[in-house]
Every structure is written in C-alpha cells, then in structure tokens.
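For reference, the structure is listed below as structure tokens.
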Amino acid sequence: MRPPPPLVLDSSVLIAYEIDTTRHGQGVVAEALAEGRVITAPAISLLVAFGRLGSKTPELSWLAYDPEGALNVLALNLANVSEVGIAADSVDKVRDVETAQVVFEVTAVGGLVLTYEPGEYAGKGVHVVDMRPR
Amino acid sequence: MTKLVSETDYLLTLWRVRTHLPVDEMPAQGIRPDVLDQQLPGARERFRRRGELAAEILRRAGVDPDSDEGREIREYARGVLQRADEEAARDIA
C-alpha cells in the first residue's frame with residue numbers, strides 16, 4: 001500500500017491559515033502533521049500569501065520559518081523554472097505563475113493540491129481537494 | 001481515529017518531494033536509511049516530534065483540542081484528509 005500523497009498548499013490555504021477565524025486551516029495542517037504526512041508549499045504560493053497579507057503574518061511566518069520544518073517549501077530553481085515558465089498562462093500575473101508551479105510540483109511527485117480556489121486548477125489534470133466547508 | 005504514516009514512508013515521501021521523483025520511479029529496493037539521514041538531516045527527529053509540533057500549532061491558534069471547538073476542528077480536518085485520500089485514489093488520467 002502506498003503512503004498518502006504529499007500535500008501541496010496553495011496561497012489560498014496559506015492566507016486562510018493566517019486569517020481564518022474558524023482555525024480550520026491550522027487544524028488541517030496540525031492533523032496532517034500528526035498523521036505523518038508530508039506538507040509542502042511552493043515558494044511562489046508563499047510569495048502570493050505574504051504579498052496579500054501584508055506585514056502582519058505571525059502564524060504563517062511561524063509555520064514557514066519554523067526550524068522544525070512543518071512546511072516544506074518548494075523552491076523555484078533550475079529543476080523546474082523552465083517548465084513552470086512555459087506552463088504559466090501568463091508570466092505577467094504572479095497568480096498564474098503560482099498555479100503553474102503548484103501543478104508542476106503536484107504532477108512531479110504524485111501529490112495533490114489543497115485549495116479554497118479549486119477553479120484555478122480546472123482542466124489542469126491534477127488531484128485537487130476543495131477545502132471549502134461542505 | 002488518527003491514521004499514522006510510518007517513519008520510513010514519511011522519509012521516502014519527503015525524499016521524493018525534495019528530488020522531484022515520481023512515486024513510480026522509486027528504486028524497487030528503496031533508499032538506504034543512512035542515505036536518507038544524510039540527505040534529510042534532522043527529518044527523522046522531526047517526524048518523531050510531530051505530535052508536539054501539531055499541538056503547538058493548535059496552541060498558537062488558541063484552540064483547546066479537548067474543547068467542543070477543538071473537536072469540531074479536528075473533525076473538519078479529518079474530513080479534508082479523507083477526501084484527499086479518496087481523491088488521490090481516483091484516476092484522472
């Protein structure tokens with residue numbers, strides 16, 4: 001039996017982790033961590049989240065910079081930069097580049113996206129979990 | 001009920017993520033433990049302390065895991081992770 005797939009958090013989840021008063025974002029990360037799942041986020045998703053949240057990000061900063069490493073940040077580097085650039089719908093919009101990196105990372109490692117914006121990944125051929133409450 | 005991933009599976013998955021290696025391309029014989037420790041310094045210890053870290057996340061959020069709110073949050077979280085496992089098992093090719 002295969003282990004559970006790596007979870008890739010996009011900017012919508014990272015933003016909710018900081019500001020969602022229901023604490024559902026923290027709950028999912030804590031539960032996934034307790035189960036021993038690998039939790040990741042593309043560097044561009046962090047960029048988008050920090051950009052949208054502004055300077056007050058105590059919880060997201062703690063998660064991202066924590067030396068214990070709950071969150072594995074996936075860099076944009078020579079291993080993926082050409083594929084992400086080519087796959088992006090537009091490199092003029094950072095959200096499009098983020099989506100391209102999320103799709104690249106999920107595809108590369110057989111993971112799945114956790115998101116509050118599932119429409120971003122429609123037709124991209126990746127596994128998506130809609131985090132919105134049912 | 002919290003499902004648990006084995007330490008070996010955690011390390012192998014983390015190694016795959018860091019190396020961008022698809023699950024189908026994992027060496028059949030796996031990766032030697034000493035190689036994993038060399039390439040993922042501290043990961044084994046972090047795995048063993050994951051419960052403490054999970055509790056710290058909830059504590060920072062001001063959530064008492066044993067409260068009604070804490071139980072509701074965990075129920076939601078387990079539902080999301082169950083959907084994740086169901087989604088991962090679905091063929092989208």
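Here's how to read the names in the structure tokens: chain A, B, ... by the order shown, residue numbers from 1 in each chain, ligand numbers from 1 in the order shown.
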
Would you pick out the contacts of region 119-133 of chain A at 8 Å or less, using only C-alpha atoms, so that residues sharing its chain but fewer than 4 positions from it are not included, and give the list as a list in words?
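The neighbour list is Thr99, Val103, Val106, Thr107, Gly111, Leu112, Val113, Leu114 and Thr115 of chain A; Tyr76, Val80, Arg83, Ala84, Glu87, Ala88, Ile92 and Ala93 of chain B.
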
Please dump the current selection as a CSV table (one decimal), in the first residue's frame; keep N, CA and C atoms.
```
chain,number,residue,atom,x,y,z
A,99,THR,N,0.0,29.1,-10.0
A,99,THR,CA,-0.8,27.9,-10.4
A,99,THR,C,0.1,27.0,-11.2
A,103,VAL,N,0.9,23.1,-10.1
A,103,VAL,CA,0.6,22.0,-11.0
A,103,VAL,C,1.9,21.2,-11.3
A,106,VAL,N,2.8,19.2,-8.0
A,106,VAL,CA,1.9,18.1,-7.8
A,106,VAL,C,2.1,16.9,-8.8
A,107,THR,N,2.3,17.3,-10.0
A,107,THR,CA,2.5,16.3,-11.1
A,107,THR,C,3.8,15.6,-10.8
A,111,GLY,N,1.4,14.3,-5.9
A,111,GLY,CA,0.7,14.8,-4.8
A,111,GLY,C,-0.6,15.3,-5.1
A,112,LEU,N,-1.2,16.1,-4.2
A,112,LEU,CA,-2.5,16.8,-4.5
A,112,LEU,C,-2.5,18.1,-3.9
A,113,VAL,N,-3.3,19.0,-4.5
A,113,VAL,CA,-3.5,20.4,-4.1
A,113,VAL,C,-4.6,20.5,-3.0
A,114,LEU,N,-4.3,21.2,-2.0
A,114,LEU,CA,-5.3,21.6,-1.1
A,114,LEU,C,-5.5,23.1,-1.4
A,115,THR,N,-6.8,23.5,-1.6
A,115,THR,CA,-7.1,24.9,-2.0
A,115,THR,C,-8.5,25.3,-1.6
B,76,TYR,N,-13.4,18.4,11.1
B,76,TYR,CA,-13.2,19.0,9.8
B,76,TYR,C,-11.9,18.6,9.1
B,80,VAL,N,-11.3,16.6,5.5
B,80,VAL,CA,-10.4,17.1,4.4
B,80,VAL,C,-9.4,16.0,4.0
B,83,ARG,N,-11.0,13.1,2.3
B,83,ARG,CA,-11.3,13.5,0.9
B,83,ARG,C,-10.0,13.5,0.1
B,84,ALA,N,-8.9,13.9,0.7
B,84,ALA,CA,-7.6,13.9,0.0
B,84,ALA,C,-7.2,12.4,-0.4
B,87,GLU,N,-9.5,11.3,-3.2
B,87,GLU,CA,-9.1,12.0,-4.5
B,87,GLU,C,-7.9,11.4,-5.0
B,88,ALA,N,-6.9,11.1,-4.2
B,88,ALA,CA,-5.6,10.5,-4.7
B,88,ALA,C,-5.8,9.2,-5.3
B,92,ILE,N,-7.4,10.2,-12.8
B,92,ILE,CA,-7.7,11.4,-13.5
B,92,ILE,C,-7.0,11.4,-14.9
B,93,ALA,N,-6.3,10.3,-15.2
B,93,ALA,CA,-5.5,10.3,-16.4
B,93,ALA,C,-6.5,10.3,-17.6
```

Using only C-alpha atoms, determine which residues of chain B fall within 7 Å of chain A; present them as a short mmCIF file (atom, residue, chain, number, x, y, z; two decimals) with N, CA and C atoms, in the first residue's frame.
```
data_model
loop_
_atom_site.label_atom_id
_atom_site.label_comp_id
_atom_site.auth_asym_id
_atom_site.auth_seq_id
_atom_site.Cartn_x
_atom_site.Cartn_y
_atom_site.Cartn_z
N THR B 2 -6.96 8.88 14.32
CA THR B 2 -5.85 9.40 13.54
C THR B 2 -5.08 8.27 12.87
N LYS B 3 -4.91 8.38 11.54
CA LYS B 3 -4.11 7.39 10.82
C LYS B 3 -2.65 7.79 10.95
N LEU B 4 -1.79 6.81 10.96
CA LEU B 4 -0.38 7.12 11.12
C LEU B 4 0.42 6.60 9.94
N VAL B 5 1.31 7.46 9.46
CA VAL B 5 2.24 7.09 8.41
C VAL B 5 3.51 6.57 9.09
N ASP B 9 8.01 5.54 5.47
CA ASP B 9 7.20 6.12 4.40
C ASP B 9 7.30 7.65 4.40
N TYR B 10 7.32 8.22 5.60
CA TYR B 10 7.45 9.69 5.69
C TYR B 10 8.78 10.14 5.06
N THR B 13 8.78 9.70 1.25
CA THR B 13 7.95 10.70 0.59
C THR B 13 8.64 12.06 0.59
N LEU B 14 9.23 12.41 1.72
CA LEU B 14 9.95 13.68 1.80
C LEU B 14 11.13 13.69 0.81
N ARG B 16 11.32 12.01 -1.97
CA ARG B 16 10.75 12.15 -3.33
C ARG B 16 10.41 13.60 -3.63
N VAL B 17 9.82 14.28 -2.64
CA VAL B 17 9.45 15.69 -2.84
C VAL B 17 10.69 16.53 -3.10
N HIS B 20 12.04 15.61 -6.57
CA HIS B 20 11.07 15.60 -7.67
C HIS B 20 10.98 14.23 -8.33
N LEU B 21 11.01 13.19 -7.53
CA LEU B 21 10.97 11.83 -8.09
C LEU B 21 9.54 11.29 -8.03
N PRO B 22 8.98 10.93 -9.19
CA PRO B 22 7.64 10.34 -9.18
C PRO B 22 7.62 9.03 -8.41
N VAL B 23 6.47 8.74 -7.82
CA VAL B 23 6.36 7.54 -6.99
C VAL B 23 6.65 6.28 -7.79
N ARG B 46 12.41 15.15 13.45
CA ARG B 46 11.20 15.96 13.30
C ARG B 46 9.97 15.07 13.21
N PHE B 47 10.11 13.94 12.50
CA PHE B 47 8.97 13.02 12.41
C PHE B 47 8.58 12.54 13.80
N ARG B 50 6.55 15.09 15.75
CA ARG B 50 5.47 15.73 15.00
C ARG B 50 4.24 16.00 15.86
N GLY B 51 3.98 15.14 16.84
CA GLY B 51 2.84 15.35 17.72
C GLY B 51 2.97 16.63 18.52
N ALA B 54 2.31 19.52 16.15
CA ALA B 54 0.87 19.64 15.85
C ALA B 54 0.15 20.31 17.02
N ILE B 57 0.83 24.01 17.04
CA ILE B 57 0.05 24.75 16.05
C ILE B 57 -1.33 25.10 16.62
N LEU B 58 -1.97 24.12 17.24
CA LEU B 58 -3.29 24.38 17.83
C LEU B 58 -3.20 25.33 19.01
N ALA B 61 -3.02 28.74 17.87
CA ALA B 61 -4.31 29.19 17.34
C ALA B 61 -5.33 29.42 18.45
N ILE B 73 -12.93 21.22 14.92
CA ILE B 73 -11.82 21.50 14.00
C ILE B 73 -11.15 20.19 13.57
N ARG B 74 -10.95 19.28 14.49
CA ARG B 74 -10.31 18.01 14.13
C ARG B 74 -11.21 17.19 13.21
N ALA B 77 -10.85 18.66 9.86
CA ALA B 77 -9.53 18.32 9.31
C ALA B 77 -9.49 16.87 8.82
N VAL B 80 -11.26 16.57 5.54
CA VAL B 80 -10.45 17.05 4.42
C VAL B 80 -9.41 16.00 4.03
N ARG B 83 -10.97 13.11 2.27
CA ARG B 83 -11.26 13.48 0.88
C ARG B 83 -9.98 13.47 0.05
N ALA B 84 -8.88 13.88 0.68
CA ALA B 84 -7.59 13.86 -0.02
C ALA B 84 -7.21 12.44 -0.42
N ASP B 85 -7.39 11.50 0.49
CA ASP B 85 -7.04 10.11 0.17
C ASP B 85 -7.96 9.54 -0.91
N GLU B 87 -9.49 11.31 -3.20
CA GLU B 87 -9.13 11.99 -4.46
C GLU B 87 -7.87 11.40 -5.05
N ALA B 88 -6.89 11.09 -4.18
CA ALA B 88 -5.62 10.54 -4.67
C ALA B 88 -5.82 9.16 -5.31
N ILE B 92 -7.36 10.17 -12.75
CA ILE B 92 -7.72 11.36 -13.53
C ILE B 92 -7.00 11.40 -14.86
#
```

Nearest to Asp66 (chain A) among B:Glu25, B:Pro33, B:Arg44, B:Glu56, with distances taken over only C-alpha atoms: which residue is it?
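Closest candidate: B:Glu56.
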
For CA of Leu81 (chain B) and CA of Lys56 (chain A), the interatomic separation in Å (one decimal):
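Interatomic distance here is 28.7 Å.
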
I need the strand (DSSP E) residues of chain A per DSSP on the backbone, written as a ChimeraX atom specification.
/A:7-9,39-42,72-74,112-115,128-130

Please report, as a PyMOL selection string, each residue of chain B to which DSSP assigns alpha helix (DSSP H) when run on this structure's backbone.
chain B and resi 7-19+33-39+43-48+50-60+68-89

Name all residues at most 12 Å from Ala88 (chain A) (count only C-alpha atoms; drop same-chain ones fewer than 3 positions away) and give them as a compact mmCIF listing (two decimals) with N, CA, C and O atoms, in the first residue's frame.
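Below is the file result-v4.txt, written as the result:
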```
# COMPACT_ATOMS: atom_id res chain seq x y z
N VAL A 81 12.22 25.69 -13.28
CA VAL A 81 11.91 27.05 -13.72
C VAL A 81 11.45 27.12 -15.18
O VAL A 81 10.53 27.88 -15.52
N SER A 82 12.05 26.30 -16.04
CA SER A 82 11.64 26.40 -17.44
C SER A 82 10.24 25.83 -17.64
O SER A 82 9.41 26.42 -18.34
N GLU A 83 9.96 24.68 -16.99
CA GLU A 83 8.63 24.08 -17.13
C GLU A 83 7.54 25.00 -16.57
O GLU A 83 6.48 25.16 -17.17
N VAL A 84 7.82 25.61 -15.42
CA VAL A 84 6.81 26.48 -14.81
C VAL A 84 6.58 27.71 -15.68
O VAL A 84 5.44 28.11 -15.93
N GLY A 85 7.65 28.30 -16.17
CA GLY A 85 7.51 29.49 -17.01
C GLY A 85 6.72 29.22 -18.28
O GLY A 85 5.85 30.00 -18.68
N VAL A 91 3.03 34.97 -17.67
CA VAL A 91 4.06 35.26 -16.68
C VAL A 91 3.95 36.70 -16.19
O VAL A 91 4.73 37.15 -15.35
N ASP A 92 2.98 37.44 -16.69
CA ASP A 92 2.76 38.80 -16.24
C ASP A 92 1.93 38.84 -14.96
O ASP A 92 1.87 39.87 -14.29
N LYS A 93 1.26 37.72 -14.66
CA LYS A 93 0.44 37.67 -13.45
C LYS A 93 1.00 36.60 -12.52
O LYS A 93 1.09 35.42 -12.90
N VAL A 94 1.36 37.02 -11.32
CA VAL A 94 2.05 36.09 -10.41
C VAL A 94 1.14 34.93 -10.01
O VAL A 94 1.61 33.81 -9.79
N ARG A 95 -0.18 35.17 -9.96
CA ARG A 95 -1.09 34.07 -9.59
C ARG A 95 -1.07 32.98 -10.66
O ARG A 95 -1.19 31.80 -10.35
N ASP A 96 -0.90 33.37 -11.91
CA ASP A 96 -0.79 32.36 -12.97
C ASP A 96 0.50 31.56 -12.83
O ASP A 96 0.53 30.35 -13.08
N VAL A 97 1.56 32.24 -12.45
CA VAL A 97 2.84 31.54 -12.25
C VAL A 97 2.72 30.60 -11.05
O VAL A 97 3.22 29.47 -11.07
N GLU A 98 2.02 31.06 -10.01
CA GLU A 98 1.82 30.19 -8.85
C GLU A 98 1.08 28.92 -9.26
O GLU A 98 1.48 27.81 -8.90
N THR A 99 0.00 29.09 -9.99
CA THR A 99 -0.77 27.92 -10.42
C THR A 99 0.12 26.96 -11.21
O THR A 99 0.06 25.74 -11.01
N ALA A 100 0.96 27.51 -12.07
CA ALA A 100 1.84 26.66 -12.86
C ALA A 100 2.82 25.89 -11.97
O ALA A 100 3.09 24.71 -12.20
N GLN A 101 3.35 26.56 -10.93
CA GLN A 101 4.28 25.83 -10.07
C GLN A 101 3.56 24.78 -9.23
O GLN A 101 4.05 23.67 -9.04
N VAL A 102 2.36 25.13 -8.75
CA VAL A 102 1.58 24.14 -8.00
C VAL A 102 1.35 22.90 -8.86
O VAL A 102 1.57 21.76 -8.41
N VAL A 103 0.90 23.11 -10.08
CA VAL A 103 0.62 21.98 -10.98
C VAL A 103 1.89 21.19 -11.25
O VAL A 103 1.88 19.95 -11.23
N PHE A 104 2.99 21.90 -11.47
CA PHE A 104 4.26 21.20 -11.72
C PHE A 104 4.64 20.32 -10.54
O PHE A 104 4.97 19.14 -10.70
N GLU A 120 -9.02 27.37 -9.97
CA GLU A 120 -7.69 27.67 -10.51
C GLU A 120 -7.07 26.46 -11.22
O GLU A 120 -6.20 26.61 -12.07
N TYR A 121 -7.52 25.26 -10.82
CA TYR A 121 -6.87 24.04 -11.32
C TYR A 121 -7.77 23.24 -12.26
O TYR A 121 -7.44 22.11 -12.62
N LYS A 124 -6.49 21.17 -15.38
CA LYS A 124 -5.03 21.07 -15.30
C LYS A 124 -4.54 19.63 -15.09
O LYS A 124 -3.34 19.38 -15.09
```

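Interatomic distance, CA of Asn77 (chain A) against CA of Ile44 (chain A): 11.4 Å.
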
Calculate how many Å separate CA of Ile31 (chain B) from CA of Leu71 (chain A), rounding to one decimal.
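Those two atoms sit 22.7 Å apart.
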